[in-house]
Amino acid sequence: MEANFVTDKVNMMVEGRVATIEINRPESLNAMDVDVIKGLVSNLKEISESDEVDLVVLTGKGRAFSSGGDIKTMLSNSDEGEFSPVMDSISELIVTLYSMPKLTISAVSGAAAGLGFSLALATDYILADQSSKLAMNFIGIGLIPDGGAHFFLEKKLGETKAKQLIWDGKMMSADEAFALGLIQEVAEGDIQEALHKRIEDWLSRPVQAMIKTKKILAEKNRPQLLKILELEKQGQGKMRKTQDHQEGIRAFLEKRKPHFIGR
């Protein structure tokens with residue numbers, strides 16, 4: 001991965017001890033293509049090395065946090081030689097975000113779906129707008145979750161509930177996600193006010209002690225996360241070759257219900 005990958009699809013702003021990293025593809029509801037993934041990794045690594053920043057906010061420009069992986073990218077990356085590097089970049093993004101020595105918050109407005117939801121789950125705290133929608137909806141196009149979603153969902157829900165959520169793939173309201181323990185807060189009013197309040201609260205605490213706890217748990221869990229990411233890469237490679245995935249993509253593009261045959 002390039003140390004300083006430059007793209008206008010990701011914006012970063014630093015104000016005092018807080019860095020805000022924004023996915024900047026509002027026209028596609030911040031769908032994540034290769035440039036977005038690499039841009040996020042580059043910015044997160046840069047912030048990780050800064051002694052001035054203690055807190056990182058992840059957000060999306062416009063009406064959505066992120067609608068997930070870019071479907072057009074999936075279609076163009078039918079070549080296996082292109083698929084593997086993309087999955088490796090996703091793994092690098094998730095491991096970097098999960099283990100970085102900063103406190104991280106996802107500020108979710110609109111949709112956080114598929115890989116977009118996985119990205120949010122890799123942060124320490126998810127604050128969602130009242131009207132936001134969250135979904136682990138890979139199943140709708142015949143795929144399995146990636147971005148470490150199996151790891152995060154199993155940690156938060158337990159194995160049985162994680163499987164059910166993945167298999168259902170349904171869209172959840174912020175309140176439903178909160179009730180399950182998938183997110184930490186639903187903004188009662190304006191999300192920016194709620195975000196400011198959360199940031200002020202954390203910055204008034206002994207942040208280095210909070211970060212040390214995060215690092216201990218991240219280091220303990222790192223081998224399992226890496227294993228899950230590798231299994232997701234292998235599994236996704238197999239799912240991409242299924243008839244159900246091809247049908248799921250066609251149905252998505254044609255805006256109709258897919259007809260799956262279990263093959």
# chains A, B, ... in the order shown; residues from 1 in each chain; ligands from 1

call {"tool": "residues_around", "arguments": {"residues": "range 12-22 of chain A", "least_positions_apart": "3", "cutoff": "7 Å", "atoms": "only C-alpha atoms", "output": "NGL selection string"}}
result
:A and (52-61)

call {"tool": "residues_around", "arguments": {"residues": "range 160-173 of chain A", "least_positions_apart": "6", "cutoff": "12 Å", "atoms": "only C-alpha atoms", "output": "number ranges by chain"}}
result
A: 67, 108-114, 117-118, 128-146, 149-154, 179-183, 186

call {"tool": "select_by_dssp", "arguments": {"residues": "range 70-211 of chain A", "states": "alpha helix (DSSP H)", "output": "PyMOL selection string"}}
result
chain A and resi 71-76+80-99+115-121+149-157+159-168+174-180+191-203+207-211

call {"tool": "closest_atom_pairs", "arguments": {"of": "range 47-141 of chain A", "to": "range 191-213 of chain A", "cutoff": "7 Å", "atoms": "only C-alpha atoms", "output": "tab-separated table"}}
result
residue	atom	partner	partner_atom	distance
A:Pro101	CA	A:Ile211	CA	6.0
A:Lys102	CA	A:Ile211	CA	6.1
A:Leu103	CA	A:Ile211	CA	6.4
A:Asp129	CA	A:Ile191	CA	5.6

call {"tool": "write_last_selection", "arguments": {"atoms": "C-alpha atoms", "output": "short mmCIF file (atom, residue, chain, number, x, y, z; two decimals), in the first residue's frame"}}
result
data_model
loop_
_atom_site.label_atom_id
_atom_site.label_comp_id
_atom_site.auth_asym_id
_atom_site.auth_seq_id
_atom_site.Cartn_x
_atom_site.Cartn_y
_atom_site.Cartn_z
CA PRO A 101 -3.78 3.97 18.85
CA LYS A 102 -6.59 6.53 18.74
CA LEU A 103 -10.20 6.57 19.90
CA ASP A 129 -28.72 9.53 13.32
#

call {"tool": "atom_distance", "arguments": {"atom1": "CA of Ser106 in chain A", "atom2": "CA of Glu185 in chain A"}}
result
10.5 Å

call {"tool": "select_by_dssp", "arguments": {"residues": "range 39-248 of chain A", "states": "strand (DSSP E or B)", "output": "list in words"}}
result
Leu55, Val56, Val57, Leu58, Thr59, Gly60, Ser66, Gly69, Leu103, Thr104, Ile105, Ser106, Ala107, Val108, Ala111, Ala112, Ala113, Tyr125, Ile126, Leu127, Ala128, Lys133, Leu134, Ala135, Met172, Ser173, Glu185 and Val186 of chain A

call {"tool": "residues_around", "arguments": {"residues": "range 250-263 of chain A", "least_positions_apart": "5", "cutoff": "10 Å", "atoms": "only C-alpha atoms", "output": "compact mmCIF listing (two decimals) with C-alpha atoms, in the first residue's frame"}}
result
# COMPACT_ATOMS: atom_id res chain seq x y z
CA ILE A 71 -21.26 -2.70 -7.39
CA LYS A 72 -19.63 -1.38 -10.58
CA GLY A 140 -29.00 -10.10 -1.11
CA ILE A 141 -26.43 -10.54 -3.88
CA GLY A 142 -25.37 -14.05 -2.92
CA MET A 239 -19.21 -17.03 -3.65
CA LYS A 241 -18.33 -17.81 -8.83
CA THR A 242 -21.81 -18.99 -7.85
CA GLN A 243 -24.90 -18.74 -10.03
CA ASP A 244 -26.73 -17.11 -7.12
CA HIS A 245 -24.23 -14.23 -6.99

call {"tool": "closest_residue", "arguments": {"among": "A:Gly158, A:Asn30, A:Val6, A:Glu80", "to": "Arg240 in chain A", "atoms": "only C-alpha atoms"}}
result
A:Glu80

call {"tool": "atom_distance", "arguments": {"atom1": "CA of Gly68 in chain A", "atom2": "CA of Val36 in chain A"}}
result
11.1 Å

call {"tool": "closest_atom_pairs", "arguments": {"of": "range 46-113 of chain A", "to": "range 226-229 of chain A", "cutoff": "10 Å", "atoms": "only C-alpha atoms", "output": "tab-separated table"}}
result
residue	atom	partner	partner_atom	distance
A:Met87	CA	A:Leu229	CA	8.6
A:Asp88	CA	A:Leu229	CA	8.7
A:Ile90	CA	A:Leu229	CA	8.8
A:Ser91	CA	A:Leu229	CA	6.1
A:Glu92	CA	A:Leu229	CA	9.5
A:Ile94	CA	A:Leu229	CA	8.9
A:Val95	CA	A:Leu226	CA	7.7

call {"tool": "write_last_selection", "arguments": {"atoms": "all heavy atoms", "output": "mmCIF file, in the first residue's frame"}}
result
data_model
loop_
_atom_site.group_PDB
_atom_site.id
_atom_site.type_symbol
_atom_site.label_atom_id
_atom_site.label_comp_id
_atom_site.auth_asym_id
_atom_site.auth_seq_id
_atom_site.Cartn_x
_atom_site.Cartn_y
_atom_site.Cartn_z
ATOM 1 N N MET A 87 -9.360 -7.365 -1.868
ATOM 2 C CA MET A 87 -9.654 -7.959 -0.563
ATOM 3 C C MET A 87 -8.517 -7.712 0.426
ATOM 4 O O MET A 87 -8.758 -7.479 1.619
ATOM 5 C CB MET A 87 -9.917 -9.461 -0.714
ATOM 6 C CG MET A 87 -11.177 -9.799 -1.489
ATOM 7 S SD MET A 87 -12.695 -9.151 -0.716
ATOM 8 C CE MET A 87 -12.819 -10.177 0.755
ATOM 9 N N ASP A 88 -7.273 -7.736 -0.069
ATOM 10 C CA ASP A 88 -6.129 -7.445 0.803
ATOM 11 C C ASP A 88 -6.175 -6.000 1.289
ATOM 12 O O ASP A 88 -5.837 -5.707 2.443
ATOM 13 C CB ASP A 88 -4.813 -7.706 0.063
ATOM 14 C CG ASP A 88 -4.565 -9.194 -0.171
ATOM 15 O OD1 ASP A 88 -5.200 -10.024 0.515
ATOM 16 O OD2 ASP A 88 -3.745 -9.521 -1.052
ATOM 17 N N ILE A 90 -8.929 -4.214 1.694
ATOM 18 C CA ILE A 90 -10.007 -4.163 2.687
ATOM 19 C C ILE A 90 -9.495 -4.657 4.040
ATOM 20 O O ILE A 90 -9.748 -4.041 5.082
ATOM 21 C CB ILE A 90 -11.217 -5.001 2.228
ATOM 22 C CG1 ILE A 90 -11.910 -4.332 1.033
ATOM 23 C CG2 ILE A 90 -12.220 -5.192 3.376
ATOM 24 C CD1 ILE A 90 -12.984 -5.177 0.379
ATOM 25 N N SER A 91 -8.747 -5.750 4.028
ATOM 26 C CA SER A 91 -8.191 -6.293 5.267
ATOM 27 C C SER A 91 -7.256 -5.297 5.938
ATOM 28 O O SER A 91 -7.310 -5.096 7.160
ATOM 29 C CB SER A 91 -7.435 -7.602 4.978
ATOM 30 O OG SER A 91 -8.321 -8.596 4.503
ATOM 31 N N GLU A 92 -6.412 -4.653 5.132
ATOM 32 C CA GLU A 92 -5.489 -3.657 5.677
ATOM 33 C C GLU A 92 -6.253 -2.491 6.303
ATOM 34 O O GLU A 92 -5.895 -1.994 7.374
ATOM 35 C CB GLU A 92 -4.548 -3.154 4.578
ATOM 36 C CG GLU A 92 -3.483 -2.202 5.099
ATOM 37 C CD GLU A 92 -2.493 -1.762 4.037
ATOM 38 O OE1 GLU A 92 -2.754 -1.985 2.842
ATOM 39 O OE2 GLU A 92 -1.468 -1.177 4.421
ATOM 40 N N ILE A 94 -9.336 -2.527 7.597
ATOM 41 C CA ILE A 94 -10.028 -2.930 8.828
ATOM 42 C C ILE A 94 -9.055 -3.130 9.984
ATOM 43 O O ILE A 94 -9.306 -2.677 11.114
ATOM 44 C CB ILE A 94 -10.857 -4.208 8.575
ATOM 45 C CG1 ILE A 94 -11.964 -3.942 7.543
ATOM 46 C CG2 ILE A 94 -11.445 -4.733 9.876
ATOM 47 C CD1 ILE A 94 -12.928 -2.822 7.911
ATOM 48 N N VAL A 95 -7.927 -3.780 9.733
ATOM 49 C CA VAL A 95 -6.937 -4.006 10.787
ATOM 50 C C VAL A 95 -6.354 -2.675 11.263
ATOM 51 O O VAL A 95 -6.176 -2.453 12.465
ATOM 52 C CB VAL A 95 -5.823 -4.950 10.297
ATOM 53 C CG1 VAL A 95 -4.684 -5.020 11.317
ATOM 54 C CG2 VAL A 95 -6.376 -6.348 10.049
#
